[in-house]
>>> print(open('work-v7.cif').read())   # mmCIF, C-alpha atoms
data_start
loop_
_atom_site.group_PDB
_atom_site.id
_atom_site.type_symbol
_atom_site.label_atom_id
_atom_site.label_comp_id
_atom_site.auth_asym_id
_atom_site.auth_seq_id
_atom_site.Cartn_x
_atom_site.Cartn_y
_atom_site.Cartn_z
ATOM 1 C CA MET A 1 159.782 112.238 185.519
ATOM 2 C CA SER A 2 156.536 114.125 186.001
ATOM 3 C CA THR A 3 156.649 115.405 182.415
ATOM 4 C CA THR A 4 156.987 111.884 181.036
ATOM 5 C CA THR A 5 154.126 110.689 183.201
ATOM 6 C CA ALA A 6 151.876 113.509 182.001
ATOM 7 C CA GLU A 7 152.657 112.768 178.337
ATOM 8 C CA THR A 8 151.974 109.089 178.872
ATOM 9 C CA SER A 9 148.630 109.868 180.553
ATOM 10 C CA ALA A 10 147.643 112.171 177.692
ATOM 11 C CA GLN A 11 148.461 109.461 175.123
ATOM 12 C CA VAL A 12 146.415 106.881 177.026
ATOM 13 C CA ALA A 13 143.499 109.305 177.334
ATOM 14 C CA GLY A 14 143.707 110.039 173.595
ATOM 15 C CA GLU A 15 143.689 106.341 172.781
ATOM 16 C CA GLN A 16 140.684 105.722 175.003
ATOM 17 C CA ARG A 17 138.658 108.622 173.574
ATOM 18 C CA PRO A 18 136.347 107.235 170.883
ATOM 19 C CA ALA A 19 137.004 108.662 167.454
ATOM 20 C CA LYS A 20 134.170 110.485 165.719
ATOM 21 C CA ALA A 21 132.514 108.499 162.967
ATOM 22 C CA PRO A 22 133.142 110.126 159.630
ATOM 23 C CA ARG A 23 130.111 111.921 158.217
ATOM 24 C CA ARG A 24 128.632 110.039 155.292
ATOM 25 C CA ALA A 25 129.074 112.012 152.149
ATOM 26 C CA ARG A 26 125.848 112.600 150.243
ATOM 27 C CA ARG A 27 126.062 111.105 146.826
ATOM 28 C CA ARG A 28 125.471 113.217 143.783
ATOM 29 C CA GLY A 29 121.769 113.552 143.058
ATOM 30 C CA GLU A 30 120.741 112.350 146.523
ATOM 31 C CA ASN A 31 118.374 114.714 148.330
ATOM 32 C CA SER A 32 118.821 115.763 151.917
ATOM 33 C CA LEU A 33 116.188 114.875 154.511
ATOM 34 C CA ALA A 34 114.638 118.338 154.276
ATOM 35 C CA GLY A 35 114.595 118.162 150.488
ATOM 36 C CA SER A 36 113.013 114.723 150.535
ATOM 37 C CA LEU A 37 110.303 115.850 152.955
ATOM 38 C CA GLY A 38 109.635 118.942 150.883
ATOM 39 C CA SER A 39 109.314 116.891 147.682
ATOM 40 C CA HIS A 40 106.916 114.458 149.316
ATOM 41 C CA ALA A 41 104.848 117.327 150.705
ATOM 42 C CA VAL A 42 104.559 118.947 147.271
ATOM 43 C CA LEU A 43 103.575 115.622 145.679
ATOM 44 C CA ILE A 44 100.942 114.986 148.341
ATOM 45 C CA VAL A 45 99.426 118.446 147.865
ATOM 46 C CA ALA A 46 99.443 118.010 144.077
ATOM 47 C CA SER A 47 97.771 114.602 144.408
ATOM 48 C CA VAL A 48 95.062 116.012 146.668
ATOM 49 C CA ILE A 49 94.418 118.855 144.223
ATOM 50 C CA ALA A 50 94.177 116.396 141.314
ATOM 51 C CA LEU A 51 91.956 113.875 143.119
ATOM 52 C CA PHE A 52 89.651 116.310 144.911
ATOM 53 C CA PRO A 53 87.389 117.080 141.893
ATOM 54 C CA ILE A 54 86.978 113.352 141.242
ATOM 55 C CA GLY A 55 86.164 112.610 144.859
ATOM 56 C CA TRP A 56 83.756 115.557 144.986
ATOM 57 C CA LEU A 57 81.990 114.333 141.839
ATOM 58 C CA VAL A 58 81.577 110.858 143.322
ATOM 59 C CA TYR A 59 80.282 112.384 146.547
ATOM 60 C CA LEU A 60 77.687 114.512 144.729
ATOM 61 C CA SER A 61 76.565 111.485 142.709
ATOM 62 C CA LEU A 62 75.421 109.836 145.939
ATOM 63 C CA GLY A 63 72.950 112.619 146.745
ATOM 64 C CA PRO A 64 69.327 111.662 145.951
ATOM 65 C CA ASP A 65 68.085 115.191 145.114
ATOM 66 C CA SER A 66 68.983 117.382 142.142
ATOM 67 C CA ASP A 67 69.729 120.380 144.402
ATOM 68 C CA ASP A 68 71.984 118.561 146.867
ATOM 69 C CA TYR A 69 74.979 120.299 145.352
ATOM 70 C CA LEU A 70 73.731 123.521 146.993
ATOM 71 C CA HIS A 71 74.026 122.009 150.493
ATOM 72 C CA PRO A 72 76.487 119.109 150.124
ATOM 73 C CA GLY A 73 76.809 118.639 153.876
ATOM 74 C CA GLY A 74 73.417 116.946 153.969
ATOM 75 C CA ILE A 75 74.399 114.243 151.488
ATOM 76 C CA TRP A 76 76.383 112.320 154.101
ATOM 77 C CA ASP A 77 73.264 111.304 156.027
ATOM 78 C CA LYS A 78 71.253 110.164 152.994
ATOM 79 C CA MET A 79 73.798 108.589 150.631
ATOM 80 C CA THR A 80 72.260 106.273 148.064
ATOM 81 C CA PHE A 81 73.102 104.558 144.787
ATOM 82 C CA ASP A 82 69.664 105.312 143.332
ATOM 83 C CA ASN A 83 71.165 107.750 140.839
ATOM 84 C CA TYR A 84 73.288 104.997 139.309
ATOM 85 C CA THR A 85 70.308 102.646 139.225
ATOM 86 C CA PHE A 86 68.173 105.252 137.461
ATOM 87 C CA VAL A 87 70.856 106.007 134.866
ATOM 88 C CA LEU A 88 71.420 102.338 134.057
ATOM 89 C CA GLN A 89 67.753 101.332 133.978
ATOM 90 C CA HIS A 90 65.829 104.372 132.753
ATOM 91 C CA THR A 91 68.128 105.962 130.187
ATOM 92 C CA LYS A 92 69.809 104.802 126.993
ATOM 93 C CA PHE A 93 73.150 104.579 128.763
ATOM 94 C CA PHE A 94 74.135 101.255 127.202
ATOM 95 C CA ASP A 95 73.244 102.539 123.724
ATOM 96 C CA TRP A 96 75.427 105.566 124.394
ATOM 97 C CA LEU A 97 78.190 103.296 125.653
ATOM 98 C CA LYS A 98 77.971 101.140 122.530
ATOM 99 C CA SER A 99 78.127 104.208 120.299
ATOM 100 C CA SER A 100 81.102 105.604 122.212
ATOM 101 C CA LEU A 101 83.010 102.331 121.996
ATOM 102 C CA ILE A 102 82.349 101.970 118.267
ATOM 103 C CA VAL A 103 83.456 105.521 117.542
ATOM 104 C CA THR A 104 86.432 105.659 119.915
ATOM 105 C CA LEU A 105 87.845 102.237 119.074
ATOM 106 C CA GLY A 106 87.357 102.882 115.362
ATOM 107 C CA THR A 107 89.056 106.255 115.637
ATOM 108 C CA THR A 108 91.880 104.767 117.669
ATOM 109 C CA ALA A 109 92.527 101.881 115.260
ATOM 110 C CA ILE A 110 92.299 103.879 112.019
ATOM 111 C CA GLY A 111 94.001 106.949 113.453
ATOM 112 C CA VAL A 112 96.977 105.087 114.896
ATOM 113 C CA LEU A 113 97.453 103.032 111.716
ATOM 114 C CA ILE A 114 97.453 106.062 109.410
ATOM 115 C CA ALA A 115 99.539 108.168 111.810
ATOM 116 C CA ALA A 116 102.094 105.358 112.216
ATOM 117 C CA THR A 117 102.559 104.870 108.480
ATOM 118 C CA THR A 118 102.754 108.635 107.955
ATOM 119 C CA GLY A 119 105.262 109.166 110.747
ATOM 120 C CA TYR A 120 107.390 106.238 109.575
ATOM 121 C CA ALA A 121 107.426 107.451 105.978
ATOM 122 C CA VAL A 122 108.536 110.951 106.965
ATOM 123 C CA SER A 123 111.097 109.570 109.423
ATOM 124 C CA ARG A 124 112.730 107.138 106.990
ATOM 125 C CA MET A 125 112.067 108.404 103.460
ATOM 126 C CA ARG A 126 113.355 111.609 101.911
ATOM 127 C CA PHE A 127 110.793 112.413 99.241
ATOM 128 C CA PRO A 128 110.303 115.929 97.804
ATOM 129 C CA GLY A 129 108.418 118.145 100.218
ATOM 130 C CA TYR A 130 108.450 115.772 103.197
ATOM 131 C CA LYS A 131 109.236 118.600 105.619
ATOM 132 C CA LYS A 132 106.494 120.821 104.228
ATOM 133 C CA PHE A 133 104.102 117.895 104.452
ATOM 134 C CA MET A 134 104.541 117.690 108.235
ATOM 135 C CA TRP A 135 103.996 121.427 108.564
ATOM 136 C CA VAL A 136 100.810 121.143 106.506
ATOM 137 C CA LEU A 137 99.573 118.550 109.007
ATOM 138 C CA LEU A 138 100.339 120.973 111.806
ATOM 139 C CA VAL A 139 98.503 123.839 110.091
ATOM 140 C CA THR A 140 95.326 121.755 109.921
ATOM 141 C CA GLN A 141 95.166 121.905 113.716
ATOM 142 C CA MET A 142 94.908 125.683 113.727
ATOM 143 C CA PHE A 143 91.331 125.919 112.450
ATOM 144 C CA PRO A 144 88.633 126.201 115.145
ATOM 145 C CA VAL A 145 85.770 123.730 115.295
ATOM 146 C CA ALA A 146 83.192 126.378 114.375
ATOM 147 C CA VAL A 147 84.932 127.020 111.048
ATOM 148 C CA LEU A 148 85.157 123.314 110.170
ATOM 149 C CA MET A 149 81.616 122.388 111.198
ATOM 150 C CA VAL A 150 79.742 123.653 108.114
ATOM 151 C CA PRO A 151 82.041 122.274 105.383
ATOM 152 C CA MET A 152 82.342 118.938 107.173
ATOM 153 C CA TYR A 153 78.569 118.711 107.497
ATOM 154 C CA GLN A 154 78.204 119.419 103.775
ATOM 155 C CA ILE A 155 80.784 116.771 102.867
ATOM 156 C CA LEU A 156 79.218 114.127 105.107
ATOM 157 C CA SER A 157 75.781 114.994 103.795
ATOM 158 C CA ASP A 158 76.936 114.497 100.191
ATOM 159 C CA LEU A 159 78.466 111.150 101.181
ATOM 160 C CA LYS A 160 75.294 110.080 103.033
ATOM 161 C CA LEU A 161 77.272 109.755 106.278
ATOM 162 C CA ILE A 162 75.191 111.997 108.536
ATOM 163 C CA ASP A 163 74.005 110.046 111.590
ATOM 164 C CA ASN A 164 76.535 107.353 110.704
ATOM 165 C CA TYR A 165 79.291 105.975 112.918
ATOM 166 C CA PHE A 166 81.822 105.816 110.100
ATOM 167 C CA GLY A 167 81.223 109.460 109.229
ATOM 168 C CA LEU A 168 81.956 110.548 112.802
ATOM 169 C CA ILE A 169 85.056 108.327 112.879
ATOM 170 C CA LEU A 170 86.370 110.048 109.754
ATOM 171 C CA VAL A 171 85.772 113.454 111.311
ATOM 172 C CA TYR A 172 87.658 112.478 114.446
ATOM 173 C CA CYS A 173 90.515 111.045 112.383
ATOM 174 C CA THR A 174 91.021 114.443 110.772
ATOM 175 C CA THR A 175 91.668 115.899 114.229
ATOM 176 C CA VAL A 176 93.800 113.158 115.811
ATOM 177 C CA ILE A 177 95.999 111.994 112.929
ATOM 178 C CA PRO A 178 98.119 115.184 112.503
ATOM 179 C CA TYR A 179 99.227 115.285 116.141
ATOM 180 C CA SER A 180 99.690 111.497 116.309
ATOM 181 C CA ALA A 181 101.811 111.577 113.140
ATOM 182 C CA TRP A 182 104.107 114.202 114.666
ATOM 183 C CA LEU A 183 104.321 112.195 117.879
ATOM 184 C CA LEU A 184 105.158 108.905 116.161
ATOM 185 C CA LYS A 185 107.583 110.541 113.745
ATOM 186 C CA GLY A 186 109.622 111.715 116.725
ATOM 187 C CA TYR A 187 109.518 108.233 118.210
ATOM 188 C CA PHE A 188 110.543 106.510 114.963
ATOM 189 C CA ASP A 189 113.538 108.852 114.809
ATOM 190 C CA THR A 190 114.856 107.181 117.987
ATOM 191 C CA ILE A 191 114.834 103.707 116.407
ATOM 192 C CA PRO A 192 118.178 102.954 114.679
ATOM 193 C CA PHE A 193 118.050 102.929 110.893
ATOM 194 C CA GLU A 194 120.219 99.803 110.917
ATOM 195 C CA ILE A 195 117.126 97.783 111.854
ATOM 196 C CA ASP A 196 115.508 98.745 108.545
ATOM 197 C CA GLU A 197 118.663 97.786 106.675
ATOM 198 C CA ALA A 198 118.772 94.436 108.456
ATOM 199 C CA GLY A 199 115.174 93.780 107.417
ATOM 200 C CA ARG A 200 115.981 94.503 103.790
ATOM 201 C CA VAL A 201 119.014 92.209 103.944
ATOM 202 C CA ASP A 202 116.728 89.446 105.212
ATOM 203 C CA GLY A 203 114.465 89.971 102.219
ATOM 204 C CA LEU A 204 111.632 91.901 103.873
ATOM 205 C CA THR A 205 109.676 94.460 101.901
ATOM 206 C CA PRO A 206 109.348 98.008 103.318
ATOM 207 C CA PHE A 207 105.898 97.098 104.637
ATOM 208 C CA GLY A 208 107.248 93.873 106.104
ATOM 209 C CA THR A 209 110.055 95.749 107.823
ATOM 210 C CA PHE A 210 107.579 98.263 109.190
ATOM 211 C CA PHE A 211 105.046 95.766 110.524
ATOM 212 C CA ARG A 212 107.408 92.998 111.684
ATOM 213 C CA LEU A 213 110.392 94.949 113.009
ATOM 214 C CA ILE A 214 109.565 98.606 113.639
ATOM 215 C CA LEU A 215 106.064 98.434 115.123
ATOM 216 C CA PRO A 216 107.007 95.988 117.911
ATOM 217 C CA LEU A 217 109.793 98.371 118.936
ATOM 218 C CA ALA A 218 107.427 101.346 118.795
ATOM 219 C CA LYS A 219 104.862 100.011 121.279
ATOM 220 C CA PRO A 220 105.390 102.851 123.809
ATOM 221 C CA GLY A 221 104.846 105.503 121.135
ATOM 222 C CA LEU A 222 101.837 103.662 119.758
ATOM 223 C CA ALA A 223 100.383 103.466 123.278
ATOM 224 C CA VAL A 224 100.623 107.248 123.696
ATOM 225 C CA ALA A 225 99.039 107.872 120.297
ATOM 226 C CA ALA A 226 96.263 105.359 121.014
ATOM 227 C CA PHE A 227 95.558 106.951 124.399
ATOM 228 C CA TYR A 228 95.375 110.419 122.848
ATOM 229 C CA ASN A 229 93.068 109.232 120.066
ATOM 230 C CA PHE A 230 90.834 107.379 122.512
ATOM 231 C CA LEU A 231 90.392 110.305 124.889
ATOM 232 C CA THR A 232 89.851 112.809 122.069
ATOM 233 C CA ALA A 233 87.064 110.769 120.497
ATOM 234 C CA PHE A 234 85.616 109.684 123.837
ATOM 235 C CA SER A 235 85.174 113.169 125.289
ATOM 236 C CA GLU A 236 84.353 115.215 122.162
ATOM 237 C CA VAL A 237 80.901 116.840 122.115
ATOM 238 C CA ALA A 238 80.612 119.425 119.321
ATOM 239 C CA PHE A 239 81.026 117.127 116.316
ATOM 240 C CA ALA A 240 79.107 114.235 117.906
ATOM 241 C CA SER A 241 76.091 116.392 118.778
ATOM 242 C CA THR A 242 76.014 117.858 115.246
ATOM 243 C CA PHE A 243 76.557 114.779 113.087
ATOM 244 C CA MET A 244 74.679 112.163 115.160
ATOM 245 C CA LEU A 245 70.948 112.866 115.088
ATOM 246 C CA SER A 246 69.390 109.720 116.601
ATOM 247 C CA ASP A 247 69.272 109.661 120.395
ATOM 248 C CA ASP A 248 70.218 105.975 120.423
ATOM 249 C CA LYS A 249 73.436 106.861 118.535
ATOM 250 C CA TYR A 250 74.539 109.554 120.951
ATOM 251 C CA THR A 251 77.942 109.096 122.494
ATOM 252 C CA LEU A 252 78.292 109.185 126.261
ATOM 253 C CA ALA A 253 79.515 112.786 126.216
ATOM 254 C CA VAL A 254 76.454 113.880 124.225
ATOM 255 C CA GLY A 255 74.069 111.707 126.257
ATOM 256 C CA LEU A 256 75.249 113.496 129.381
ATOM 257 C CA GLN A 257 73.628 116.659 128.022
ATOM 258 C CA SER A 258 70.207 115.010 128.094
ATOM 259 C CA PHE A 259 70.034 115.675 131.838
ATOM 260 C CA VAL A 260 70.164 119.429 131.251
ATOM 261 C CA SER A 261 66.833 121.000 130.354
ATOM 262 C CA GLU A 262 65.704 124.588 129.990
ATOM 263 C CA HIS A 263 64.215 124.806 133.487
ATOM 264 C CA ASP A 264 65.980 122.105 135.470
ATOM 265 C CA ALA A 265 69.416 120.495 135.520
ATOM 266 C CA GLN A 266 69.433 117.055 137.137
ATOM 267 C CA ARG A 267 72.886 117.456 138.569
ATOM 268 C CA ASN A 268 72.725 114.324 140.697
ATOM 269 C CA LEU A 269 72.079 112.193 137.611
ATOM 270 C CA MET A 270 74.722 114.112 135.673
ATOM 271 C CA ALA A 271 77.255 113.362 138.399
ATOM 272 C CA ALA A 272 76.389 109.660 138.421
ATOM 273 C CA THR A 273 76.637 109.486 134.630
ATOM 274 C CA ALA A 274 79.968 111.305 134.693
ATOM 275 C CA VAL A 275 81.356 108.729 137.119
ATOM 276 C CA LEU A 276 80.158 105.887 134.890
ATOM 277 C CA ILE A 277 81.630 107.588 131.831
ATOM 278 C CA ALA A 278 85.040 107.736 133.516
ATOM 279 C CA ILE A 279 85.193 103.958 133.936
ATOM 280 C CA PRO A 280 85.936 103.050 130.254
ATOM 281 C CA ALA A 281 88.629 105.729 130.071
ATOM 282 C CA ALA A 282 90.189 104.436 133.303
ATOM 283 C CA VAL A 283 90.162 100.867 131.971
ATOM 284 C CA PHE A 284 91.852 101.944 128.728
ATOM 285 C CA PHE A 285 94.461 103.884 130.684
ATOM 286 C CA TYR A 286 95.161 100.793 132.785
ATOM 287 C CA LEU A 287 95.717 98.728 129.640
ATOM 288 C CA VAL A 288 98.281 101.122 128.134
ATOM 289 C CA GLN A 289 99.925 102.482 131.283
ATOM 290 C CA LYS A 290 102.955 100.169 131.044
ATOM 291 C CA ASN A 291 104.085 101.823 127.829
ATOM 292 C CA LEU A 292 102.610 105.261 128.423
ATOM 293 C CA VAL A 293 105.434 106.908 130.420
ATOM 294 C CA THR A 294 108.139 105.459 128.177
ATOM 295 C CA GLY A 295 106.343 106.660 125.081
ATOM 296 C CA LEU A 296 105.826 110.166 126.459
ATOM 297 C CA THR A 297 109.551 110.661 127.070
ATOM 298 C CA ALA A 298 111.282 108.577 124.401
ATOM 299 C CA GLY A 299 110.340 110.804 121.473
ATOM 300 C CA GLY A 300 111.915 113.853 123.092
ATOM 301 C CA THR A 301 115.498 112.778 122.325
ATOM 302 C CA LYS A 302 117.160 111.397 119.275
ATOM 303 C CA GLY A 303 119.830 108.730 119.588
#
>>> encode(input="work-v7.cif", output="structure tokens")
Amino acid sequence: MSTTTAETSAQVAGEQRPAKAPRRARRRGENSLAGSLGSHAVLIVASVIALFPIGWLVYLSLGPDSDDYLHPGGIWDKMTFDNYTFVLQHTKFFDWLKSSLIVTLGTTAIGVLIAATTGYAVSRMRFPGYKKFMWVLLVTQMFPVAVLMVPMYQILSDLKLIDNYFGLILVYCTTVIPYSAWLLKGYFDTIPFEIDEAGRVDGLTPFGTFFRLILPLAKPGLAVAAFYNFLTAFSEVAFASTFMLSDDKYTLAVGLQSFVSEHDAQRNLMAATAVLIAIPAAVFFYLVQKNLVTGLTAGGTKG
């Protein structure tokens, strides 16, 4: 009798004891809490490292004296926007901005158009030497600027294009088109060939198929190429300072050098100008950012 009672009590106690909730299995690819915290910490540190130079440049641009960079702690008590006012009112900043926009937008438009047609032709057409042609484009990127400067100057001089916007645009196109053609060729390879065949069935010419069917699908790749062309032309100094002789035709990157003299470097004005120069590039990045990430990754695989 006592044994039965003990077994019954044990069963009741077992039924009353709450069962442990099963541990949730971590799905494949899901990080643990420690892994998630570590990833966020690394990203925060990387963001601080990337943003610190920009923040420091903005901070130095608010110092009124040219030697404030030597004792930056004193800037906090005398912050002013006088540097920006001086740059906008007493320099040829807007002439430099106009020159930069003409050159960069011209380089971007012409460079992307030529690179897109080149990349599409190599991606879709099998003409003799098409592989060697792409390698020739790549070889052109191996020559340093110092080697190209003299022959390019001679060519532009013979064509009467020295101190001319179009001449500088052509020079920049020679540097941006080879890389952009390789980039867009890889992106066109990811677009199914059946789309071209469908265009021909509908009666479109090869150019019609390219402009009406392929280019709309290639917007991410075009955005990456346009962003590369824009930044290359916008920030280049060597060619612009050699081929543009008039100070009112300087680009922003070359105009920035005007604050550096033999005996004094007006670093506060240089910092303010650098901040202003970054604004057009930031605006252009904002306009293409939707397609930028897709375009950077899509050309890496073929399917």
>>> resolve_selection(input="work-v7.cif", expression="the PyMOL selection byres ((chain A and resi 247-260) around 7)", output="VMD selection string")
chain A and resid 92 95 to 97 99 to 100 235 to 237 240 to 241 244 to 246 261 to 262 264 to 266 270 273 277
>>> closest_residue(input="work-v7.cif", among="A:Ile191, A:Ala146, A:Leu287, A:Val201", to="Pro216 (chain A)", atoms="only C-alpha atoms")
A:Ile191
>>> closest_residue(input="work-v7.cif", among="A:Asn268, A:Val171, A:Asp196, A:Ala218", to="Gly106 (chain A)", atoms="only C-alpha atoms")
A:Val171
>>> resolve_selection(input="work-v7.cif", expression="the PyMOL selection byres ((chain A and resi 133-138) around 10)", output="PyMOL selection string")
chain A and resi 118-119+122+128-132+139-142+174-175+177-179+181-182+185
>>> atom_distance(input="work-v7.cif", atom1="CA of Ile169 (chain A)", atom2="CA of Leu276 (chain A)")
22.7 Å
>>> atom_distance(input="work-v7.cif", atom1="CA of Phe52 (chain A)", atom2="CA of Gly73 (chain A)")
15.8 Å
>>> resolve_selection(input="work-v7.cif", expression="the PyMOL selection byres ((chain A and resi 58-66) around 7)", output="JSON, numbers by chain")
{"A": [54, 55, 56, 57, 67, 68, 69, 75, 78, 79, 80, 81, 82, 83, 266, 267, 268, 269, 271, 272, 275]}
>>> atom_distance(input="work-v7.cif", atom1="CA of Val103 (chain A)", atom2="CA of Pro280 (chain A)")
13.2 Å
